[in-house]
>>> print(open('query30.txt').read())   # compact mmCIF, C-alpha atoms
# COMPACT_ATOMS: atom_id res chain seq x y z
CA MET A 268 19.00 -25.08 -30.41
CA ARG A 269 20.99 -21.95 -31.00
CA TYR A 270 24.76 -21.89 -30.58
CA LEU A 271 25.07 -19.30 -27.84
CA THR A 272 27.34 -19.32 -24.84
CA ASP A 273 25.81 -18.91 -21.39
CA ARG A 274 27.31 -15.45 -21.10
CA LYS A 275 25.97 -14.32 -24.45
CA ARG A 276 22.51 -15.52 -23.46
CA ALA A 277 22.56 -13.68 -20.13
CA VAL A 278 23.94 -10.32 -21.30
CA GLY A 279 21.23 -7.70 -21.52
CA LEU A 280 18.71 -9.76 -19.57
CA GLY A 281 18.29 -9.78 -15.81
CA ALA A 282 18.17 -6.37 -14.18
CA ALA A 283 16.31 -3.67 -16.06
CA LYS A 284 18.76 -1.13 -14.52
CA SER A 285 15.87 0.67 -12.84
CA GLY A 286 16.01 -1.31 -9.57
CA THR A 287 17.99 1.30 -7.63
CA GLY A 288 15.63 4.11 -8.62
CA HIS A 289 12.64 1.93 -7.75
CA HIS A 290 14.04 1.01 -4.33
CA TRP A 291 14.95 4.64 -3.60
CA SER A 292 11.46 5.79 -4.59
CA MET A 293 9.95 3.20 -2.19
CA GLN A 294 12.21 4.40 0.63
CA VAL A 295 11.36 8.08 0.08
CA SER A 296 7.60 7.46 -0.18
CA SER A 297 7.59 5.07 2.80
CA ILE A 298 9.32 7.61 5.07
CA ALA A 299 6.92 10.32 3.88
CA LEU A 300 4.01 7.99 4.64
CA ILE A 301 5.28 7.25 8.17
CA ILE A 302 4.64 10.96 8.84
CA LEU A 303 1.47 11.28 6.74
CA VAL A 304 -0.42 8.11 7.72
CA PRO A 305 -0.90 8.90 11.45
CA LEU A 306 -1.87 12.50 10.57
CA PHE A 307 -4.37 11.27 7.97
CA VAL A 308 -5.86 8.49 10.12
CA PHE A 309 -6.70 10.93 12.90
CA THR A 310 -7.80 13.90 10.77
CA PHE A 311 -9.98 11.71 8.54
CA GLY A 312 -11.16 9.55 11.43
CA CYS A 313 -12.33 12.60 13.37
CA ILE A 314 -14.55 13.92 10.57
CA LEU A 315 -15.94 10.65 9.21
CA GLY A 316 -19.57 10.38 10.30
CA ALA A 317 -20.05 14.15 10.66
CA PRO A 318 -22.83 15.92 8.68
CA TYR A 319 -22.21 17.31 5.18
CA GLU A 320 -21.74 20.98 6.15
CA GLU A 321 -19.15 20.09 8.79
CA VAL A 322 -17.20 17.88 6.37
CA VAL A 323 -17.10 20.68 3.77
CA ALA A 324 -16.00 23.22 6.39
CA TYR A 325 -13.39 20.80 7.76
CA TYR A 326 -11.72 20.24 4.38
CA SER A 327 -11.78 23.98 3.68
CA ARG A 328 -9.12 24.25 6.37
CA PRO A 329 -5.53 23.95 5.08
CA PHE A 330 -4.18 21.28 7.46
CA PRO A 331 -6.72 18.46 6.96
CA ALA A 332 -6.91 19.24 3.22
CA ILE A 333 -3.14 19.21 2.63
CA VAL A 334 -2.66 16.06 4.76
CA ALA A 335 -5.44 14.21 2.88
CA ALA A 336 -4.18 15.29 -0.57
CA LEU A 337 -0.56 14.38 0.22
CA THR A 338 -1.49 11.04 1.80
CA LEU A 339 -3.59 10.01 -1.20
CA TRP A 340 -1.00 11.19 -3.73
CA VAL A 341 2.12 9.77 -2.05
CA GLY A 342 0.17 6.68 -1.00
CA MET A 343 -0.87 5.96 -4.57
CA VAL A 344 2.68 6.42 -5.89
CA HIS A 345 3.86 4.03 -3.16
CA PHE A 346 1.06 1.59 -4.06
CA LYS A 347 1.91 1.76 -7.77
CA ASN A 348 5.57 0.88 -7.11
CA GLY A 349 4.81 -1.74 -4.46
CA ALA A 350 2.12 -3.47 -6.48
CA GLN A 351 4.46 -3.47 -9.50
CA MET A 352 7.00 -5.43 -7.44
CA ALA A 353 4.37 -7.98 -6.41
CA ILE A 354 3.07 -8.33 -9.98
CA GLU A 355 6.61 -8.86 -11.31
CA ASP A 356 6.95 -11.77 -8.86
CA TYR A 357 3.67 -13.51 -9.65
CA VAL A 358 2.49 -12.54 -13.15
CA HIS A 359 4.82 -12.89 -16.11
CA GLY A 360 5.04 -11.96 -19.77
CA PHE A 361 2.34 -9.96 -21.55
CA THR A 362 -0.26 -10.44 -18.77
CA GLY A 363 2.23 -9.16 -16.23
CA ARG A 364 3.02 -6.01 -18.18
CA LEU A 365 -0.68 -5.39 -18.86
CA THR A 366 -1.48 -5.80 -15.13
CA ILE A 367 1.27 -3.30 -14.22
CA ILE A 368 -0.17 -0.77 -16.71
CA LEU A 369 -3.72 -1.20 -15.37
CA VAL A 370 -2.60 -0.92 -11.73
CA THR A 371 -0.61 2.23 -12.60
CA CYS A 372 -3.68 3.76 -14.27
CA LEU A 373 -5.84 2.86 -11.25
CA ALA A 374 -3.32 4.40 -8.83
CA TYR A 375 -3.13 7.70 -10.73
CA ALA A 376 -6.92 7.76 -11.18
CA ILE A 377 -7.48 7.46 -7.42
CA ALA A 378 -4.80 10.06 -6.66
CA ALA A 379 -6.29 12.50 -9.19
CA THR A 380 -9.84 11.92 -7.91
CA GLY A 381 -8.79 12.55 -4.32
CA VAL A 382 -6.74 15.66 -5.10
CA TYR A 383 -9.49 17.08 -7.36
CA ALA A 384 -12.13 16.53 -4.65
CA ILE A 385 -9.99 18.09 -1.93
CA ALA A 386 -9.10 21.07 -4.15
CA LYS A 387 -12.79 21.62 -4.86
CA LEU A 388 -13.67 21.34 -1.17
CA ALA A 389 -10.80 23.54 -0.04
CA LEU A 390 -11.13 26.36 -2.56
CA MET B 237 26.70 -25.69 -21.57
CA ALA B 238 23.16 -25.13 -22.73
CA ASP B 239 20.60 -24.99 -19.93
CA VAL B 240 17.88 -27.50 -20.72
CA ASN B 241 15.56 -26.38 -17.92
CA ARG B 242 15.00 -22.88 -19.24
CA GLY B 243 12.27 -20.86 -17.58
CA ASN B 244 10.71 -23.90 -15.96
CA ARG B 245 12.19 -23.63 -12.48
CA PRO B 246 10.11 -23.16 -9.33
CA LEU B 247 10.09 -19.43 -8.55
CA SER B 248 10.51 -18.15 -5.03
CA PRO B 249 6.94 -17.03 -4.22
CA PHE B 250 5.59 -20.41 -5.25
CA MET B 251 8.07 -22.38 -3.16
CA LEU B 252 6.35 -21.56 0.12
CA GLY B 253 4.37 -24.27 1.84
CA LYS B 254 5.50 -26.91 -0.61
CA TYR B 255 9.26 -26.51 -0.22
CA TYR B 256 9.67 -24.21 2.77
CA ARG B 257 7.71 -24.47 6.01
CA PHE B 258 5.97 -21.31 7.12
CA GLN B 259 7.79 -19.27 9.75
CA LEU B 260 7.31 -15.88 11.39
CA ASN B 261 9.49 -14.03 8.87
CA SER B 262 7.80 -15.46 5.78
CA VAL B 263 4.28 -15.03 7.20
CA THR B 264 4.89 -11.40 8.24
CA SER B 265 6.46 -10.72 4.83
CA ILE B 266 3.44 -12.15 2.96
CA LEU B 267 1.09 -10.18 5.21
CA THR B 268 2.98 -6.98 4.34
CA ARG B 269 2.19 -7.59 0.68
CA ILE B 270 -1.42 -8.60 1.28
CA THR B 271 -2.14 -5.58 3.51
CA GLY B 272 -0.37 -3.18 1.12
CA ASN B 273 -2.39 -4.35 -1.86
CA ALA B 274 -5.67 -4.67 0.08
CA LEU B 275 -5.41 -1.02 1.16
CA ILE B 276 -6.46 -0.08 -2.37
CA VAL B 277 -10.05 -0.84 -1.25
CA ALA B 278 -9.85 1.82 1.48
CA ALA B 279 -8.18 4.26 -0.95
CA VAL B 280 -11.04 3.84 -3.44
CA LEU B 281 -13.66 4.30 -0.70
CA ILE B 282 -11.99 7.41 0.76
CA ALA B 283 -11.41 9.03 -2.67
CA TRP B 284 -15.06 8.28 -3.51
CA TRP B 285 -16.23 9.78 -0.19
CA LEU B 286 -14.18 12.96 -0.82
CA LEU B 287 -15.50 13.21 -4.38
CA ALA B 288 -19.05 12.89 -3.07
CA ALA B 289 -18.40 15.64 -0.49
CA ALA B 290 -17.06 17.85 -3.30
CA THR B 291 -20.10 17.08 -5.50
CA GLY B 292 -23.05 17.88 -3.24
CA ALA B 293 -25.13 17.08 -0.17
CA GLU B 294 -27.29 14.43 -1.82
CA TYR B 295 -24.44 12.40 -3.32
CA PHE B 296 -22.50 12.77 -0.07
CA ALA B 297 -25.42 11.34 1.93
CA THR B 298 -25.36 8.14 -0.17
CA VAL B 299 -21.61 7.52 0.01
CA ASN B 300 -21.38 8.62 3.64
CA TRP B 301 -24.16 6.17 4.51
CA LEU B 302 -22.19 3.39 2.81
CA LEU B 303 -18.96 4.18 4.68
CA THR B 304 -20.65 4.53 8.06
CA SER B 305 -22.85 1.43 7.64
CA PRO B 306 -21.83 -1.68 9.63
CA LEU B 307 -20.22 -3.19 6.52
CA GLY B 308 -18.40 0.07 5.70
CA TYR B 309 -17.28 0.35 9.31
CA LEU B 310 -15.95 -3.21 9.25
CA VAL B 311 -14.02 -2.55 6.03
CA LEU B 312 -12.54 0.65 7.46
CA VAL B 313 -11.54 -0.95 10.78
CA LEU B 314 -9.90 -3.87 8.96
CA SER B 315 -8.18 -1.33 6.67
CA THR B 316 -6.92 0.50 9.76
CA LEU B 317 -5.45 -2.78 11.03
CA GLY B 318 -3.88 -3.38 7.61
CA LEU B 319 -2.58 0.19 7.45
CA TRP B 320 -0.91 0.04 10.88
CA TYR B 321 0.47 -3.42 10.12
CA HIS B 322 1.89 -2.27 6.77
CA THR B 323 3.31 0.90 8.37
CA LEU B 324 5.09 -1.02 11.14
CA ALA B 325 6.28 -3.69 8.70
CA GLY B 326 7.58 -0.89 6.45
CA ILE B 327 9.53 0.62 9.35
CA ARG B 328 10.97 -2.86 9.97
CA HIS B 329 12.09 -2.99 6.33
CA LEU B 330 13.73 0.44 6.65
CA ILE B 331 15.62 -0.83 9.74
CA TRP B 332 16.72 -3.94 7.82
CA ASP B 333 17.75 -1.83 4.82
CA GLN B 334 20.18 0.01 7.12
CA GLY B 335 21.67 -3.36 8.09
CA TYR B 336 20.29 -3.55 11.63
CA CYS B 337 18.37 -6.35 13.41
CA LEU B 338 19.08 -8.96 10.74
CA GLU B 339 19.97 -11.61 13.36
CA MET B 340 17.30 -14.30 13.72
CA GLU B 341 16.22 -13.48 17.31
CA LYS B 342 16.10 -9.75 16.62
CA ALA B 343 14.23 -10.21 13.34
CA ASP B 344 11.73 -12.49 15.08
CA ARG B 345 11.26 -9.98 17.90
CA LEU B 346 10.59 -7.25 15.32
CA GLY B 347 8.02 -9.56 13.70
CA TRP B 348 6.10 -9.91 16.97
CA ILE B 349 6.36 -6.15 17.58
CA VAL B 350 4.80 -5.56 14.15
CA ILE B 351 1.91 -8.01 14.79
CA ILE B 352 1.13 -6.94 18.37
CA GLY B 353 1.85 -3.25 17.64
CA SER B 354 -0.62 -3.15 14.74
CA VAL B 355 -3.40 -4.64 16.92
CA VAL B 356 -2.64 -2.18 19.76
CA LEU B 357 -2.58 0.81 17.37
CA THR B 358 -5.87 -0.32 15.78
CA VAL B 359 -7.58 -0.58 19.19
CA LEU B 360 -6.20 2.87 20.12
CA THR B 361 -7.42 4.32 16.80
CA VAL B 362 -10.92 2.89 17.29
CA ILE B 363 -11.02 4.30 20.86
CA ILE B 364 -9.72 7.77 19.91
CA VAL B 365 -11.64 8.12 16.62
>>> encode(input="query30.txt", output="structure tokens")
Amino acid sequence: MRYLTDRKRAVGLGAAKSGTGHHWSMQVSSIALIILVPLFVFTFGCILGAPYEEVVAYYSRPFPAIVAALTLWVGMVHFKNGAQMAIEDYVHGFTGRLTIILVTCLAYAIAATGVYAIAKLAL
Amino acid sequence: MADVNRGNRPLSPFMLGKYYRFQLNSVTSILTRITGNALIVAAVLIAWWLLAAATGAEYFATVNWLLTSPLGYLVLVLSTLGLWYHTLAGIRHLIWDQGYCLEMEKADRLGWIVIIGSVVLTVLTVIIV
């Protein structure tokens, strides 16, 4: 047993000082998604099931393309931050940090895939 | 005083069921997390579908068939339910963050609005789309 006071043991632990920024980021992305999600659900829903040529023509138009790209990008940033919060609650130590890194990579990979595809379709 | 029970305490997420009985607030809160994380499946499918459309007609036909198959349709409808639920639950959190509706009856009422609202919005989406 080490001779440390309770205060000495607690100083520097606890909050990582990034909680406010994290919470603010969740608020900003959630409000953006309140606007984007209904727009995306109905633009994507309308074209799903249509033939190839129609889908390509549809995403060549600015509105559906921009809505889809923004929804995927902002949605993945929101997912990354939200999933991080859940992981911090349930998975600890090295495994927890590794899971956060993998989830972050997955989120950016999906966002990049979606934005690349939409850019290629739109341009 | 040294704390003998260091890092071996029950943590909040694991106290449910065993130490706390389930109630509307805890169930809707857990569902917010489950739906939020489960939506990654829909995100993967939609990004894949867009990539296929950007690649070519043949690849698109395969992925489009998968998404419009009965199983794909089921996944997408369930994702729609999850998406509306998570959206409404998120709005509820934004209301709470501003300090409103934190009283028990009001919080419970919001919980029911989130559950019923998400089902209504899903039915509307399926009808319109």
>>> interface_residues(input="query30.txt", of="chain A", to="chain B", cutoff="6 Å", atoms="all atoms listed in the file", output="list in words")
Gly312, Cys313, Gly381, Ala384, Lys387 and Leu388 of chain A
>>> atom_distance(input="query30.txt", atom1="atom CA of A:Arg328", atom2="atom CA of A:Val304")
18.4 Å
>>> residues_around(input="query30.txt", residues="B:Leu260", least_positions_apart="2", cutoff="7 Å", atoms="only C-alpha atoms", output="list in words")
Ser262, Val263, Thr264, Asp344 and Gly347 of chain B
>>> atom_distance(input="query30.txt", atom1="atom CA of A:Ser292", atom2="atom CA of A:Gln351")
12.6 Å
>>> atom_distance(input="query30.txt", atom1="atom CA of A:Lys275", atom2="atom CA of A:Gly360")
21.6 Å
